[in-house]
Each structure stands twice: as C-alpha cells, then as structure tokens.
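J.: Coordinates in entry37.pdb, PDB, C-alpha atoms, are listed below.
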ATOM      1  CA  MET A 761     -11.734 -18.017  25.684
ATOM      2  CA  LEU A 762      -9.923 -19.304  22.700
ATOM      3  CA  ARG A 763      -9.600 -23.048  22.225
ATOM      4  CA  TYR A 764      -7.103 -24.572  19.936
ATOM      5  CA  SER A 765      -8.114 -27.854  18.354
ATOM      6  CA  PRO A 766      -5.309 -29.799  16.718
ATOM      7  CA  ALA A 767      -7.759 -32.171  15.115
ATOM      8  CA  VAL A 768      -8.043 -32.146  11.361
ATOM      9  CA  PRO A 769     -11.295 -30.685  10.203
ATOM     10  CA  ARG A 770     -13.784 -33.290   9.169
ATOM     11  CA  ARG A 771     -14.129 -31.985   5.704
ATOM     12  CA  ARG A 772     -10.438 -32.301   4.977
ATOM     13  CA  LEU A 773     -10.225 -35.705   6.694
ATOM     14  CA  SER A 774     -12.918 -37.207   4.558
ATOM     15  CA  ARG A 775     -11.276 -35.819   1.480
ATOM     16  CA  ARG A 776      -7.973 -37.426   2.414
ATOM     17  CA  LEU A 777      -9.572 -40.768   3.111
ATOM     18  CA  ALA A 778     -11.251 -40.659  -0.258
ATOM     19  CA  GLN A 779      -7.958 -39.892  -1.932
ATOM     20  CA  CYS A 780      -6.192 -42.764  -0.153
ATOM     21  CA  ALA A 781      -8.911 -45.209  -1.042
ATOM     22  CA  THR A 782      -8.929 -44.057  -4.633
ATOM     23  CA  LEU A 783      -5.206 -44.624  -4.910
ATOM     24  CA  ALA A 784      -4.913 -47.770  -2.814
ATOM     25  CA  LEU A 785      -7.630 -49.892  -4.345
ATOM     26  CA  PRO A 786      -6.452 -49.724  -7.947
ATOM     27  CA  THR A 787      -2.900 -50.334  -6.783
ATOM     28  CA  LEU A 788      -3.841 -53.432  -4.834
ATOM     29  CA  LEU A 789      -5.903 -54.722  -7.698
ATOM     30  CA  ALA A 790      -3.104 -54.122 -10.150
ATOM     31  CA  LEU A 791      -0.677 -56.016  -7.962
ATOM     32  CA  ALA A 792      -3.063 -58.911  -7.378
ATOM     33  CA  LEU A 793      -4.121 -59.414 -10.979
ATOM     34  CA  PRO A 794      -0.902 -61.095 -12.189
ATOM     35  CA  ALA A 795      -1.043 -63.587  -9.338
ATOM     36  CA  VAL A 796      -4.613 -64.487 -10.156
ATOM     37  CA  ALA A 797      -3.860 -64.730 -13.852
ATOM     38  CA  SER A 798      -0.813 -66.946 -13.418
ATOM     39  CA  ALA A 799      -2.537 -69.371 -11.070
ATOM     40  CA  ALA A 800      -4.988 -70.739 -13.601
ATOM     41  CA  PRO A 801      -2.602 -71.866 -16.355
ATOM     42  CA  LEU A 802      -0.159 -73.429 -13.932
ATOM     43  CA  ASP A 803      -2.860 -75.590 -12.468
ATOM     44  CA  ASP A 804      -3.695 -76.858 -15.929
ATOM     45  CA  LEU A 805      -0.200 -78.059 -16.613
ATOM     46  CA  PRO A 806       0.198 -81.852 -16.366
ATOM     47  CA  GLY A 807       2.114 -82.979 -13.336
ATOM     48  CA  HIS A 808       2.258 -79.537 -11.853
ATOM     49  CA  ALA A 809       1.994 -79.475  -8.128
ATOM     50  CA  SER A 810      -0.331 -76.712  -7.237
ATOM     51  CA  LYS A 811       0.695 -76.707  -3.633
ATOM     52  CA  PHE A 812       3.255 -74.147  -2.666
ATOM     53  CA  THR A 813       4.958 -75.912   0.202
ATOM     54  CA  VAL A 814       7.003 -74.451   2.988
ATOM     55  CA  VAL A 815      10.097 -75.949   1.444
ATOM     56  CA  ASP A 816       9.384 -74.161  -1.821
ATOM     57  CA  GLY A 817       8.962 -70.884  -0.022
ATOM     58  CA  PHE A 818      12.126 -71.438   1.957
ATOM     59  CA  LEU A 819      14.086 -72.206  -1.182
ATOM     60  CA  ILE A 820      12.747 -69.285  -3.167
ATOM     61  CA  PHE A 821      12.624 -66.614  -0.508
ATOM     62  CA  GLY A 822      15.419 -67.845   1.769
ATOM     63  CA  VAL A 823      18.093 -69.804  -0.016
ATOM     64  CA  ALA A 824      18.056 -67.908  -3.297
ATOM     65  CA  PRO A 825      18.570 -64.409  -1.832
ATOM     66  CA  VAL A 826      21.213 -65.673   0.559
ATOM     67  CA  GLY A 827      22.973 -67.432  -2.297
ATOM     68  CA  VAL A 828      22.974 -64.314  -4.421
ATOM     69  CA  TYR A 829      24.232 -62.327  -1.466
ATOM     70  CA  LEU A 830      27.062 -64.780  -0.826
ATOM     71  CA  LEU A 831      27.984 -64.837  -4.501
ATOM     72  CA  ILE A 832      28.274 -61.065  -4.636
ATOM     73  CA  ALA A 833      30.219 -61.032  -1.378
ATOM     74  CA  LEU A 834      32.661 -63.623  -2.696
ATOM     75  CA  LEU A 835      33.150 -61.726  -5.937
ATOM     76  CA  VAL A 836      33.837 -58.523  -4.069
ATOM     77  CA  MET A 837      36.131 -59.988  -1.420
ATOM     78  CA  ARG A 838      38.012 -62.495  -3.507
ATOM     79  CA  PRO A 839      41.759 -62.111  -3.319
ATOM     80  CA  GLY A 840      43.258 -59.900  -5.962
ATOM     81  CA  THR A 841      40.405 -57.467  -6.283
ATOM     82  CA  SER A 842      41.392 -55.262  -3.405
ATOM     83  CA  SER A 843      44.107 -52.725  -4.086
ATOM     84  CA  LYS A 844      47.309 -53.670  -2.352
ATOM     85  CA  ALA A 845      48.732 -50.215  -2.796
ATOM     86  CA  GLN A 846      49.347 -48.373   0.397
ATOM     87  CA  ARG A 847      47.603 -45.081   0.821
ATOM     88  CA  TYR A 848      49.830 -42.309   2.015
ATOM     89  CA  ARG A 849      48.730 -40.383   5.036
ATOM     90  CA  PRO A 850      51.014 -37.564   6.137
ATOM     91  CA  GLY A 851      52.468 -38.189   9.542
ATOM     92  CA  ARG A 852      52.137 -41.952   9.433
ATOM     93  CA  ASP A 853      54.846 -44.472   8.723
ATOM     94  CA  TRP A 854      55.460 -45.471   5.148
ATOM     95  CA  THR A 855      55.893 -49.226   5.037
ATOM     96  CA  ALA A 856      55.483 -49.848   1.322
ATOM     97  CA  ALA A 857      58.294 -51.380  -0.651
ATOM     98  CA  PRO A 858      60.604 -48.946  -2.458
ATOM     99  CA  SER A 859      59.390 -48.095  -5.928
ATOM    100  CA  TRP A 860      61.435 -47.081  -8.959
ATOM    101  CA  SER A 861      59.816 -45.528 -11.994
ATOM    102  CA  GLY A 862      61.673 -44.755 -15.162
ATOM    103  CA  LEU A 863      65.356 -45.517 -15.077
ATOM    104  CA  HIS A 864      66.361 -48.151 -12.596
ATOM    105  CA  PRO A 865      69.793 -48.459 -11.020
ATOM    106  CA  GLU A 866      69.880 -52.210 -11.614
ATOM    107  CA  ALA A 867      69.859 -51.533 -15.342
ATOM    108  CA  SER A 868      73.130 -49.709 -14.986
ATOM    109  CA  GLN A 869      76.640 -51.065 -15.103
ATOM    110  CA  ASN A 870      77.018 -49.613 -11.642
ATOM    111  CA  ALA A 871      74.542 -52.159 -10.355
ATOM    112  CA  PRO A 872      77.157 -54.244  -8.496
ATOM    113  CA  ALA A 873      77.966 -51.179  -6.479
ATOM    114  CA  LEU A 874      74.429 -51.158  -5.174
ATOM    115  CA  GLU A 875      75.160 -54.190  -3.071
ATOM    116  CA  GLY A 876      75.737 -52.808   0.376
ATOM    117  CA  GLY A 877      74.537 -49.379  -0.542
ATOM    118  CA  LEU A 878      74.447 -47.050  -3.480
ATOM    119  CA  PRO A 879      77.782 -45.982  -4.936
ATOM    120  CA  VAL A 880      79.366 -42.845  -3.572
ATOM    121  CA  MET A 881      79.942 -39.913  -5.856
ATOM    122  CA  ASP A 882      82.894 -37.651  -5.343
ATOM    123  CA  GLY A 883      81.924 -35.059  -2.836
ATOM    124  CA  ALA A 884      78.649 -36.710  -1.949
ATOM    125  CA  PRO A 885      77.867 -36.350   1.720
ATOM    126  CA  ASP A 886      77.259 -39.188   4.076
ATOM    127  CA  ALA A 887      75.194 -39.441   7.172
ATOM    128  CA  GLU A 888      77.815 -37.720   9.257
ATOM    129  CA  HIS A 889      77.355 -34.530   7.316
ATOM    130  CA  GLY A 890      73.639 -34.803   7.887
ATOM    131  CA  ASP A 891      70.955 -32.766   6.229
ATOM    132  CA  SER A 892      70.885 -29.456   7.953
ATOM    133  CA  ARG A 893      67.665 -27.553   8.158
ATOM    134  CA  GLU A 894      69.574 -24.358   7.517
ATOM    135  CA  ASP A 895      70.562 -25.565   4.106
ATOM    136  CA  ALA A 896      67.022 -26.588   3.366
ATOM    137  CA  ALA A 897      65.735 -23.164   4.223
ATOM    138  CA  ASP A 898      66.388 -21.852   0.749
ATOM    139  CA  GLY A 899      64.994 -25.000  -0.800
ATOM    140  CA  ARG A 900      68.306 -25.981  -2.316
ATOM    141  CA  SER A 901      70.298 -29.064  -1.766
ATOM    142  CA  PRO A 902      73.186 -28.612   0.646
ATOM    143  CA  GLU A 903      75.409 -30.610  -1.653
ATOM    144  CA  ARG A 904      75.591 -27.846  -4.180
ATOM    145  CA  GLY A 905      78.928 -26.708  -2.887
ATOM    146  CA  ALA A 906      80.426 -30.113  -2.447
ATOM    147  CA  GLN A 907      78.983 -31.593  -5.620
ATOM    148  CA  ARG A 908      79.331 -28.738  -8.025
ATOM    149  CA  ASP A 909      78.500 -30.688 -11.117
ATOM    150  CA  THR A 910      75.117 -31.855 -10.016
ATOM    151  CA  GLY A 911      72.185 -29.670  -9.133
ATOM    152  CA  GLY A 912      68.743 -29.891  -7.671
ATOM    153  CA  ALA A 913      66.667 -28.919  -4.720
ATOM    154  CA  ARG A 914      65.239 -30.407  -1.597
ATOM    155  CA  GLY A 915      62.001 -29.849   0.233
ATOM    156  CA  SER A 916      60.081 -31.158   3.185
ATOM    157  CA  TRP A 917      56.466 -31.158   4.181
TER     158      TRP A 917
ATOM    159  CA  MET B 749      51.967 -53.897   8.555
ATOM    160  CA  ALA B 750      53.581 -55.895   5.832
ATOM    161  CA  ALA B 751      55.309 -54.020   3.071
ATOM    162  CA  GLY B 752      52.956 -53.703   0.132
ATOM    163  CA  GLU B 753      53.153 -51.989  -3.184
ATOM    164  CA  ALA B 754      53.698 -48.280  -3.151
ATOM    165  CA  PHE B 755      51.262 -47.472  -5.929
ATOM    166  CA  SER B 756      48.279 -49.041  -7.574
ATOM    167  CA  PHE B 757      48.370 -49.924 -11.234
ATOM    168  CA  ILE B 758      46.562 -46.758 -12.241
ATOM    169  CA  ALA B 759      48.812 -44.586 -10.083
ATOM    170  CA  GLN B 760      51.883 -46.205 -11.576
ATOM    171  CA  GLN B 761      50.466 -45.539 -15.019
ATOM    172  CA  ARG B 762      50.081 -41.860 -14.177
ATOM    173  CA  ILE B 763      53.679 -41.645 -13.074
ATOM    174  CA  ASP B 764      54.882 -43.459 -16.178
ATOM    175  CA  ASP B 765      52.857 -41.120 -18.369
ATOM    176  CA  ALA B 766      54.344 -38.125 -16.589
ATOM    177  CA  LEU B 767      57.842 -39.512 -17.067
ATOM    178  CA  ARG B 768      57.135 -40.099 -20.743
ATOM    179  CA  GLY B 769      55.762 -36.581 -21.110
ATOM    180  CA  PHE B 770      58.807 -35.135 -19.397
ATOM    181  CA  THR B 771      61.141 -36.975 -21.755
ATOM    182  CA  ASP B 772      59.112 -35.968 -24.802
ATOM    183  CA  GLN B 773      59.086 -32.357 -23.724
ATOM    184  CA  SER B 774      62.660 -31.935 -22.597
ATOM    185  CA  GLY B 775      64.658 -34.718 -24.140
ATOM    186  CA  LEU B 776      66.015 -35.562 -20.711
ATOM    187  CA  VAL B 777      65.523 -38.820 -18.915
ATOM    188  CA  ALA B 778      63.886 -38.856 -15.512
ATOM    189  CA  SER B 779      63.578 -41.403 -12.781
ATOM    190  CA  VAL B 780      61.416 -41.407  -9.684
ATOM    191  CA  TYR B 781      62.186 -43.218  -6.462
ATOM    192  CA  VAL B 782      59.599 -43.429  -3.701
ATOM    193  CA  GLY B 783      60.583 -45.181  -0.515
ATOM    194  CA  SER B 784      62.777 -45.125   2.487
ATOM    195  CA  THR B 785      66.186 -43.512   2.145
ATOM    196  CA  ALA B 786      67.356 -44.027   5.685
ATOM    197  CA  ASP B 787      68.185 -47.709   5.505
ATOM    198  CA  ASN B 788      71.933 -47.146   5.484
ATOM    199  CA  GLY B 789      71.840 -44.118   7.722
ATOM    200  CA  LEU B 790      72.157 -41.785   4.777
ATOM    201  CA  SER B 791      70.624 -38.410   4.438
ATOM    202  CA  ILE B 792      68.147 -38.071   1.620
ATOM    203  CA  ASP B 793      70.608 -35.888  -0.272
ATOM    204  CA  ALA B 794      73.355 -38.476  -0.029
ATOM    205  CA  PHE B 795      70.943 -41.146  -1.108
ATOM    206  CA  ALA B 796      69.870 -39.068  -4.093
ATOM    207  CA  GLN B 797      73.476 -38.427  -5.109
ATOM    208  CA  ARG B 798      74.342 -42.076  -4.886
ATOM    209  CA  ALA B 799      71.219 -43.172  -6.691
ATOM    210  CA  LEU B 800      71.865 -40.660  -9.456
ATOM    211  CA  ALA B 801      75.367 -42.044  -9.867
ATOM    212  CA  ALA B 802      73.973 -45.553 -10.029
ATOM    213  CA  LEU B 803      71.524 -44.764 -12.803
ATOM    214  CA  PRO B 804      72.428 -45.671 -16.362
ATOM    215  CA  ALA B 805      74.318 -42.877 -18.058
ATOM    216  CA  HIS B 806      72.347 -40.841 -20.560
ATOM    217  CA  GLU B 807      73.846 -38.333 -22.957
ATOM    218  CA  ALA B 808      71.061 -35.796 -22.753
ATOM    219  CA  GLY B 809      71.000 -35.754 -18.974
ATOM    220  CA  THR B 810      69.204 -37.409 -16.114
ATOM    221  CA  VAL B 811      66.868 -36.029 -13.501
ATOM    222  CA  LEU B 812      66.147 -38.019 -10.382
ATOM    223  CA  VAL B 813      63.207 -37.375  -8.091
ATOM    224  CA  VAL B 814      63.506 -38.981  -4.669
ATOM    225  CA  VAL B 815      60.545 -38.987  -2.319
ATOM    226  CA  ASP B 816      60.786 -40.348   1.199
ATOM    227  CA  PRO B 817      57.277 -40.316   2.689
ATOM    228  CA  GLY B 818      58.574 -41.564   6.025
ATOM    229  CA  ARG B 819      60.961 -38.663   6.417
ATOM    230  CA  ARG B 820      58.551 -36.330   4.679
ATOM    231  CA  GLN B 821      61.333 -35.094   2.438
ATOM    232  CA  SER B 822      61.877 -35.028  -1.284
ATOM    233  CA  VAL B 823      64.833 -34.212  -3.500
ATOM    234  CA  VAL B 824      65.140 -33.336  -7.156
ATOM    235  CA  CYS B 825      68.637 -34.117  -8.370
ATOM    236  CA  THR B 826      70.085 -33.296 -11.785
ATOM    237  CA  ASP B 827      73.272 -34.619 -13.278
ATOM    238  CA  PRO B 828      75.786 -32.240 -14.912
ATOM    239  CA  ALA B 829      74.223 -32.604 -18.345
ATOM    240  CA  ALA B 830      70.712 -31.975 -17.099
ATOM    241  CA  ARG B 831      71.752 -29.087 -14.894
ATOM    242  CA  HIS B 832      72.457 -26.999 -17.968
ATOM    243  CA  ARG B 833      68.851 -27.470 -19.017
ATOM    244  CA  VAL B 834      67.055 -27.413 -15.664
ATOM    245  CA  SER B 835      68.200 -24.757 -13.254
ATOM    246  CA  ASP B 836      68.322 -25.225  -9.517
ATOM    247  CA  GLU B 837      65.679 -22.543  -9.146
ATOM    248  CA  SER B 838      63.329 -24.503 -11.368
ATOM    249  CA  CYS B 839      64.027 -27.577  -9.295
ATOM    250  CA  ALA B 840      63.230 -25.624  -6.146
ATOM    251  CA  LEU B 841      59.925 -24.447  -7.607
ATOM    252  CA  ALA B 842      59.018 -27.964  -8.669
ATOM    253  CA  THR B 843      59.974 -29.271  -5.238
ATOM    254  CA  LEU B 844      57.781 -26.662  -3.603
ATOM    255  CA  SER B 845      54.780 -27.738  -5.665
ATOM    256  CA  MET B 846      55.509 -31.365  -5.001
ATOM    257  CA  THR B 847      55.777 -30.944  -1.263
ATOM    258  CA  THR B 848      52.520 -29.028  -1.232
ATOM    259  CA  SER B 849      50.766 -31.997  -2.779
ATOM    260  CA  PHE B 850      52.639 -34.428  -0.561
ATOM    261  CA  GLY B 851      51.495 -32.534   2.484
ATOM    262  CA  ALA B 852      47.922 -33.042   1.338
ATOM    263  CA  GLY B 853      48.522 -36.761   1.046
ATOM    264  CA  ASP B 854      48.690 -36.858  -2.742
ATOM    265  CA  LEU B 855      51.961 -38.550  -3.610
ATOM    266  CA  VAL B 856      51.147 -39.359  -7.207
ATOM    267  CA  GLY B 857      49.711 -35.936  -7.941
ATOM    268  CA  GLY B 858      52.785 -34.280  -6.487
ATOM    269  CA  ILE B 859      55.133 -36.376  -8.589
ATOM    270  CA  VAL B 860      53.130 -35.701 -11.728
ATOM    271  CA  ILE B 861      53.022 -31.962 -11.059
ATOM    272  CA  GLY B 862      56.727 -31.872 -10.293
ATOM    273  CA  LEU B 863      57.666 -33.668 -13.489
ATOM    274  CA  ARG B 864      55.387 -31.422 -15.496
ATOM    275  CA  MET B 865      56.940 -28.305 -13.981
ATOM    276  CA  LEU B 866      60.432 -29.603 -14.591
ATOM    277  CA  GLY B 867      59.544 -30.302 -18.197
ATOM    278  CA  ASP B 868      58.081 -26.840 -18.631
ATOM    279  CA  ALA B 869      61.113 -25.203 -17.046
ATOM    280  CA  CYS B 870      63.594 -27.092 -19.167
ATOM    281  CA  THR B 871      65.387 -24.776 -21.523
ATOM    282  CA  PRO B 872      65.717 -25.869 -25.142
ATOM    283  CA  VAL B 873      69.038 -27.091 -26.408
ATOM    284  CA  THR B 874      70.794 -24.376 -28.406
ATOM    285  CA  THR B 875      72.876 -25.293 -31.402
ATOM    286  CA  THR B 876      75.973 -23.513 -32.650
ATOM    287  CA  HIS B 877      73.741 -21.333 -34.832
ATOM    288  CA  GLY B 878      71.865 -20.110 -31.819
ATOM    289  CA  ARG B 879      68.628 -21.814 -32.810
ATOM    290  CA  PRO B 880      66.911 -24.168 -30.443
ATOM    291  CA  GLU B 881      67.352 -27.763 -31.381
ATOM    292  CA  PRO B 882      63.977 -29.331 -32.109
ATOM    293  CA  THR B 883      62.940 -31.894 -29.582
ATOM    294  CA  SER B 884      60.233 -34.449 -30.025
ATOM    295  CA  SER B 885      57.793 -32.128 -28.289
ATOM    296  CA  THR B 886      58.515 -29.228 -30.616
ATOM    297  CA  VAL B 887      58.179 -31.513 -33.570
ATOM    298  CA  THR B 888      54.923 -33.123 -32.577
ATOM    299  CA  ARG B 889      53.258 -30.091 -31.037
ATOM    300  CA  ARG B 890      51.992 -27.524 -33.496
TER     301      ARG B 890
END
Is it possible to give me this structure as structure tokens?

T.:
Amino acid sequence: MLRYSPAVPRRRLSRRLAQCATLALPTLLALALPAVASAAPLDDLPGHASKFTVVDGFLIFGVAPVGVYLLIALLVMRPGTSSKAQRYRPGRDWTAAPSWSGLHPEASQNAPALEGGLPVMDGAPDAEHGDSREDAADGRSPERGAQRDTGGARGSW
Amino acid sequence: MAAGEAFSFIAQQRIDDALRGFTDQSGLVASVYVGSTADNGLSIDAFAQRALAALPAHEAGTVLVVVDPGRRQSVVCTDPAARHRVSDESCALATLSMTTSFGAGDLVGGIVIGLRMLGDACTPVTTTHGRPEPTSSTVTRR
C-alpha cells in the first residue's frame, strides 16, 4: 500500500534551516550594529539624557509621521490644486459654463445684438423650423438652402 | 452641480494651438464654442448661424465650430468667404471625425482633430495668374 507523506524530507529541511540561519544572523547583526555604535558617543555628550522616554518615542514615532501625513494631505487637497474642469461623459448632462476659443462674439461690433440672443442672419432658421433628423442624415446642415452663402455640416453622436 | 470651467488649462492650450495651426495653415480664422445652445430654444444650426454672424468680420473667412455636449450635436459653419476654401464635404468629414471622438468622451481631441482636418482640406487661394497664393504655412514649411 502506497503512503503519501507531505512532510518535507529531513535532509532538505535541515538544509533550509541552515540557509535561513546563515542569512538571518548577519542581517540582524548588520541592523543592530549602528544602534550599538551610536549609543556610546551620545552617552558621552554633556547634558545628554540617555533615557529614551515614552514622550520621546511618542513624538518621534507618533507625532512626526502624523504631521508629515497631514502636511502632504493639506498640500494635495488645498484649494486650487484640483482641476475644476468638468470631464465630459457621453450621455450625462453638461453643466460647464459656455466656452469660446479663438474669436469671441463680444469682440465684434455686433456684440450689442447678443443681448437677448445672438443676432439673426437672413434666412437663418429659428426653433420653429427645428433641426430635422432627415436633414442631418447626409451630415450637412439643413440651412444650406435657406442660407446659401454660408456652408458647413452638422453631426451628432 | 455648479457650472465649472469647460476645459482645464492644458486642454484649453491644446485647443488654442489647434486654432493657431488652422490659421497658419489655411489663412482663415476659426472659433470654437463649447456649451449649451438651447438656452433660447434655438436649434444648434440656428445658434451657429447667429454666432457666426456675431463674430468679428474677417476678410479671409471665418469658420465656427459649435459643440453642444448636452445635445450631443456639433456644427461646423463657414461664412461665405471661407466656404470658397472649405467645402461642405470637407466640413462633413471633419464633423464625422469630431463626433467619433466626442462619442468616446474626448471633447478636446475631437476639436483638435476637426480643426486639423479642416486645415488640411482648405484649398489654397488662387491668384489671377493661377498660382496658389503663399500662406504662412507654405512659407514656413519646407
């Protein structure tokens, strides 16, 4: 009858333990040496308190990290750093303020006409004419016939 | 949600660079409007026509790009001077590319691509001798 033993063979186990000990001991010694070396000169300093009190530990290991954390948090979250620009997501409402780039109507002499709506061009449609989907099927603006001088195209997504 | 800015500083810079490139390439002047066009009950076409009429007159011609993310519609509108340089078919192609980017949520990229396509499709100005009039792009680009 076959027996399956999941245990690690002794030979390999002893080898692993030896490897761990070989690596761990020098590492621990290397980490401990600076602490031992720094303790002696500090004790020799005049007026140096050799006792590391609970308050000292609290200040060094508690207050300092929390202070650094709060400082970074304040720098990150301070007003003005976050982008106020609205990210566009198709299908959601667009609530950002209107944006003009390049020429601006207010720079024109027609600017007074903008009060109460943009000025009407001859032949320009209004809301009653609507924007028919049939006209948009060919990707061209439906005002081509009415506004023969101007051109362009319209699209939707 | 309170109304914020439409674009970040970097995005606005990209649009401005695209507008500058379009003007350098074609000699035309372009303007981009992004926002709601339905405030006065107008269609986006009527809004574009009115906005184009309200823009400062430019001898070479003016192209207006209107994008209404709320309506999910966009219009490229050319004035009579610009229409001789940019055909309606070129506008339709640019609009198609723009709406493709808009549908993916990339407003700035769509505007930049549209302006670039309009600039590429712009025909050079021909003089009485039949030679194309050098624009700033033909002068600077070798």

J.: Would you kindly return, as a list of chain:residue names, each protein, DNA or RNA residue with an atom no farther than 8 Å from any atom of Leu800 of chain B, considering only C-alpha atoms and excluding same-chain residues fewer than 6 positions away?

T.: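 Near neighbours after the sequence-gap exclusion: B:Thr810, B:Val811, B:Leu812, B:Cys825, B:Thr826, B:Asp827.
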
J.: Please indicate the distance in Å from atom CA of Pro872 of chain B to atom CA of Gly857 of chain B, rounded to one decimal place.

T.: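 Taking atom CA of Pro872 of chain B and atom CA of Gly857 of chain B, their separation equals 25.6 Å.
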
J.: Interatomic distance between atom CA of Val813 of chain B and atom CA of Thr771 of chain B?

T.: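 Those two atoms sit 13.8 Å apart.
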
J.: Which of these, B:Cys870, B:Leu841, B:Pro817, B:Thr785, has the shortest distance to Asp854 of chain B once you count only C-alpha atoms?

T.: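 Checking each of B:Cys870, B:Leu841, B:Pro817, B:Thr785 against Asp854 of chain B, counting only C-alpha atoms, the winner is B:Pro817.
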
J.: Within 12 Å of (54.0, -49.5, -0.2), in the coordinates the file gives, what residues turn up when you count only C-alpha atoms, written out as a PyMOL selection string?

T.: (chain A and resi 843-849+853-860) or (chain B and resi 749-756+782-784+816-818+855)

J.: Report the distance between atom CA of Asp816 of chain A and atom CA of Ile832 of chain A in Å, rounded to one decimal place.

T.: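 Calculated distance between atom CA of Asp816 of chain A and atom CA of Ile832 of chain A is 23.2 Å.
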
J.: Find the residue from A:Cys780, A:Val823, A:Gly862, A:Leu793 that sits nearest to Gly769 of chain B; use all atoms listed in the file when measuring.

T.: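 Closest residue, counting all atoms listed in the file: A:Gly862.
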
J.: At most 8 Å from (61.3, -31.9, -23.3), file frame, all atoms listed in the file: which residues, as a list in words?

T.: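 Within 8 Å of (61.3, -31.9, -23.3), the protein and nucleic acid residues are Gly769, Phe770, Thr771, Asp772, Gln773, Ser774, Gly775, Leu776, Gly867, Asp868, Cys870, Pro872, Thr883, Ser884 and Ser885 of chain B.
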
J.: Which residue is closest to Ala801 of chain B? Choose from B:Pro828, B:Asp787, B:Val873, B:Ile763 and count only C-alpha atoms.

T.: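 When distances to Ala801 of chain B are compared using only C-alpha atoms, the smallest one comes from B:Pro828.
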
J.: Using only the atoms of segment 856-869 of chain B listed in the file, plus 5 Å on each side, state the axis-aligned box centre and edge lengths in Å rounded to one decimal, as JSON.

T.:
{"center_x": 55.4, "center_y": -32.3, "center_z": -12.6, "size_x": 21.4, "size_y": 24.2, "size_z": 22.1}

J.: Quick one: which residues end up in the PyMOL selection byres ((chain B and resi 844) around 12) for this structure, as a ChimeraX atom specification?

T.: /A:896-900,913-917 /B:821-824,837-843,845-851,858-859,861-862,865-866

J.: Let me see the file: selected residues, C-alpha atoms, as a PDB file, in the frame of the given file.

T.:
ATOM      1  CA  ALA A 896      67.022 -26.588   3.366  1.00  0.00           C
ATOM      2  CA  ALA A 897      65.735 -23.164   4.223  1.00  0.00           C
ATOM      3  CA  ASP A 898      66.388 -21.852   0.749  1.00  0.00           C
ATOM      4  CA  GLY A 899      64.994 -25.000  -0.800  1.00  0.00           C
ATOM      5  CA  ARG A 900      68.306 -25.981  -2.316  1.00  0.00           C
ATOM      6  CA  ALA A 913      66.667 -28.919  -4.720  1.00  0.00           C
ATOM      7  CA  ARG A 914      65.239 -30.407  -1.597  1.00  0.00           C
ATOM      8  CA  GLY A 915      62.001 -29.849   0.233  1.00  0.00           C
ATOM      9  CA  SER A 916      60.081 -31.158   3.185  1.00  0.00           C
ATOM     10  CA  TRP A 917      56.466 -31.158   4.181  1.00  0.00           C
TER      11      TRP A 917
ATOM     12  CA  GLN B 821      61.333 -35.094   2.438  1.00  0.00           C
ATOM     13  CA  SER B 822      61.877 -35.028  -1.284  1.00  0.00           C
ATOM     14  CA  VAL B 823      64.833 -34.212  -3.500  1.00  0.00           C
ATOM     15  CA  VAL B 824      65.140 -33.336  -7.156  1.00  0.00           C
ATOM     16  CA  GLU B 837      65.679 -22.543  -9.146  1.00  0.00           C
ATOM     17  CA  SER B 838      63.329 -24.503 -11.368  1.00  0.00           C
ATOM     18  CA  CYS B 839      64.027 -27.577  -9.295  1.00  0.00           C
ATOM     19  CA  ALA B 840      63.230 -25.624  -6.146  1.00  0.00           C
ATOM     20  CA  LEU B 841      59.925 -24.447  -7.607  1.00  0.00           C
ATOM     21  CA  ALA B 842      59.018 -27.964  -8.669  1.00  0.00           C
ATOM     22  CA  THR B 843      59.974 -29.271  -5.238  1.00  0.00           C
ATOM     23  CA  SER B 845      54.780 -27.738  -5.665  1.00  0.00           C
ATOM     24  CA  MET B 846      55.509 -31.365  -5.001  1.00  0.00           C
ATOM     25  CA  THR B 847      55.777 -30.944  -1.263  1.00  0.00           C
ATOM     26  CA  THR B 848      52.520 -29.028  -1.232  1.00  0.00           C
ATOM     27  CA  SER B 849      50.766 -31.997  -2.779  1.00  0.00           C
ATOM     28  CA  PHE B 850      52.639 -34.428  -0.561  1.00  0.00           C
ATOM     29  CA  GLY B 851      51.495 -32.534   2.484  1.00  0.00           C
ATOM     30  CA  GLY B 858      52.785 -34.280  -6.487  1.00  0.00           C
ATOM     31  CA  ILE B 859      55.133 -36.376  -8.589  1.00  0.00           C
ATOM     32  CA  ILE B 861      53.022 -31.962 -11.059  1.00  0.00           C
ATOM     33  CA  GLY B 862      56.727 -31.872 -10.293  1.00  0.00           C
ATOM     34  CA  MET B 865      56.940 -28.305 -13.981  1.00  0.00           C
ATOM     35  CA  LEU B 866      60.432 -29.603 -14.591  1.00  0.00           C
TER      36      LEU B 866
END

J.: Run the PyMOL selection byres ((chain B and resi 833) around 8) mentally over the shown coordinates, then write out the matched residues as a compact mmCIF listing (two decimals) with C-alpha atoms, keeping the file's coordinate frame, using the chain letters and numbers from the document.

T.:
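So the final result, stored in part_21.txt, reads:
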# COMPACT_ATOMS: atom_id res chain seq x y z
CA ALA B 829 74.22 -32.60 -18.34
CA ALA B 830 70.71 -31.98 -17.10
CA ARG B 831 71.75 -29.09 -14.89
CA HIS B 832 72.46 -27.00 -17.97
CA VAL B 834 67.06 -27.41 -15.66
CA SER B 835 68.20 -24.76 -13.25
CA CYS B 870 63.59 -27.09 -19.17
CA THR B 871 65.39 -24.78 -21.52
CA PRO B 872 65.72 -25.87 -25.14
CA VAL B 873 69.04 -27.09 -26.41

J.: Pick from A:Ala778, A:Pro839, A:Leu791, A:Ser861: nearest to Val777 of chain B, with all atoms listed in the file counted?

T.: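 Distance minimum relative to Val777 of chain B lands on A:Ser861.
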